[in-house]
Amino acid sequence: MNKNEYNGWANYPTWRVNLEILGDIQWVESEIEILSVEMLEEYVENIVFEQYSGHFGLMEDYARAFLANVDYREIYESIMENYQHDKMTENGE
């Protein structure tokens with residue numbers, strides 16, 4: 001998939017999830033050390049579905065289909081790159 005498909009991201013779902021759910025998180029070193037692609041996916045699903053208990057029909061099906069298209073690996077790599085950049089900037093490198 002072409003990385004420039006939507007605002008520099010793999011696709012619209014990846015861009016939107018990063019922008020609206022993960023983009024403003026200030027990751028600390030202890031979180032970065034244990035962060036994984038799977039943890040990002042679980043975190044996003046918890047945010048999206050936390051207010052509902054059980055199945056909520058067609059809306060849930062659409063939300064799950066949308067989230068299935070998110071490239072969590074790309075978001076993870078971006079988080080790690082940004083963290084490393086910020087850390088180097090703090091250290092004056």
# chains A, B, ... in the order shown; residues from 1 in each chain; ligands from 1
>>> select_by_dssp(residues="chain A", states="alpha helix (DSSP H)", output="PyMOL selection string")
chain A and resi 12-17+29-34+37-49+58-68+72-90
>>> residues_around(residues="Tyr83 of chain A", least_positions_apart="5", cutoff="12 Å", atoms="only C-alpha atoms", output="PDB file with N, CA and C atoms, in the first residue's frame")
ATOM      1  N   ILE A  25      -1.673  11.748  22.764  1.00  0.00           N
ATOM      2  CA  ILE A  25      -1.132  11.065  23.942  1.00  0.00           C
ATOM      3  C   ILE A  25       0.348  11.405  24.082  1.00  0.00           C
ATOM      4  N   GLN A  26       0.735  11.820  25.261  1.00  0.00           N
ATOM      5  CA  GLN A  26       2.136  12.086  25.572  1.00  0.00           C
ATOM      6  C   GLN A  26       2.699  10.826  26.235  1.00  0.00           C
ATOM      7  N   TRP A  27       3.384  10.020  25.447  1.00  0.00           N
ATOM      8  CA  TRP A  27       3.897   8.749  25.941  1.00  0.00           C
ATOM      9  C   TRP A  27       5.114   8.989  26.831  1.00  0.00           C
ATOM     10  N   VAL A  28       5.156   8.307  27.944  1.00  0.00           N
ATOM     11  CA  VAL A  28       6.313   8.384  28.834  1.00  0.00           C
ATOM     12  C   VAL A  28       7.175   7.145  28.618  1.00  0.00           C
ATOM     13  N   GLU A  29       8.406   7.216  29.071  1.00  0.00           N
ATOM     14  CA  GLU A  29       9.363   6.145  28.794  1.00  0.00           C
ATOM     15  C   GLU A  29       8.871   4.776  29.260  1.00  0.00           C
ATOM     16  N   SER A  30       8.246   4.712  30.421  1.00  0.00           N
ATOM     17  CA  SER A  30       7.782   3.416  30.923  1.00  0.00           C
ATOM     18  C   SER A  30       6.703   2.817  30.023  1.00  0.00           C
ATOM     19  N   GLU A  31       5.899   3.661  29.393  1.00  0.00           N
ATOM     20  CA  GLU A  31       4.884   3.174  28.460  1.00  0.00           C
ATOM     21  C   GLU A  31       5.521   2.750  27.139  1.00  0.00           C
ATOM     22  N   ILE A  32       6.464   3.540  26.646  1.00  0.00           N
ATOM     23  CA  ILE A  32       7.144   3.243  25.387  1.00  0.00           C
ATOM     24  C   ILE A  32       7.870   1.907  25.470  1.00  0.00           C
ATOM     25  N   GLU A  33       8.453   1.617  26.622  1.00  0.00           N
ATOM     26  CA  GLU A  33       9.220   0.378  26.789  1.00  0.00           C
ATOM     27  C   GLU A  33       8.361  -0.864  26.611  1.00  0.00           C
ATOM     28  N   LEU A  35       5.180  -0.720  24.988  1.00  0.00           N
ATOM     29  CA  LEU A  35       4.207  -0.495  23.931  1.00  0.00           C
ATOM     30  C   LEU A  35       4.389  -1.484  22.784  1.00  0.00           C
ATOM     31  N   TYR A  76       2.364   2.735  15.326  1.00  0.00           N
ATOM     32  CA  TYR A  76       3.390   2.362  16.304  1.00  0.00           C
ATOM     33  C   TYR A  76       4.751   2.915  15.887  1.00  0.00           C
ATOM     34  N   GLU A  77       5.113   2.720  14.636  1.00  0.00           N
ATOM     35  CA  GLU A  77       6.411   3.205  14.158  1.00  0.00           C
ATOM     36  C   GLU A  77       6.496   4.726  14.247  1.00  0.00           C
ATOM     37  N   SER A  78       5.409   5.409  13.966  1.00  0.00           N
ATOM     38  CA  SER A  78       5.385   6.865  14.080  1.00  0.00           C
ATOM     39  C   SER A  78       5.559   7.311  15.525  1.00  0.00           C
ATOM     40  N   MET A  88      15.943  12.828  21.793  1.00  0.00           N
ATOM     41  CA  MET A  88      17.201  13.377  21.303  1.00  0.00           C
ATOM     42  C   MET A  88      17.205  14.905  21.436  1.00  0.00           C
ATOM     43  N   THR A  89      16.063  15.523  21.184  1.00  0.00           N
ATOM     44  CA  THR A  89      15.956  16.976  21.304  1.00  0.00           C
ATOM     45  C   THR A  89      16.160  17.402  22.757  1.00  0.00           C
ATOM     46  N   GLU A  90      15.570  16.662  23.688  1.00  0.00           N
ATOM     47  CA  GLU A  90      15.734  16.962  25.118  1.00  0.00           C
ATOM     48  C   GLU A  90      17.204  16.862  25.533  1.00  0.00           C
TER      49      GLU A  90
END
>>> residues_around(residues="Leu22 of chain A", least_positions_apart="4", cutoff="9 Å", atoms="only C-alpha atoms", output="PyMOL selection string")
chain A and resi 17-18+40+44+75
>>> residues_around(residues="Thr14 of chain A", least_positions_apart="4", cutoff="10 Å", atoms="only C-alpha atoms", output="CSV table (one decimal) with C-alpha atoms, in the first residue's frame")
chain,number,residue,atom,x,y,z
A,6,TYR,CA,-4.2,9.8,2.9
A,9,TRP,CA,-0.7,7.8,6.1
A,10,ALA,CA,-1.5,4.3,4.7
A,18,ASN,CA,-4.0,8.4,14.9
A,19,LEU,CA,-5.4,12.0,14.7
A,66,PHE,CA,-13.4,0.7,10.0
A,67,LEU,CA,-10.9,-0.3,12.7
A,68,ALA,CA,-9.9,-3.5,10.8
A,69,ASN,CA,-8.4,-1.2,8.2
A,70,VAL,CA,-6.2,0.7,10.6
A,71,ASP,CA,-2.5,0.1,10.1
A,72,TYR,CA,-1.5,-0.1,13.7
A,73,ARG,CA,2.1,-0.9,12.8
A,74,GLU,CA,2.4,2.4,11.0
A,75,ILE,CA,1.1,4.3,14.0
>>> atom_distance(atom1="atom CA of Phe49 of chain A", atom2="atom CA of Ala63 of chain A")
9.0 Å
>>> atom_distance(atom1="atom CA of Ser36 of chain A", atom2="atom CA of Glu81 of chain A")
13.7 Å
>>> atom_distance(atom1="atom CA of Tyr43 of chain A", atom2="atom CA of Arg16 of chain A")
14.8 Å
>>> closest_residue(among="A:Ile79, A:Ile21, A:Leu58, A:Ala65", to="Asn46 of chain A", atoms="only C-alpha atoms")
A:Ile21
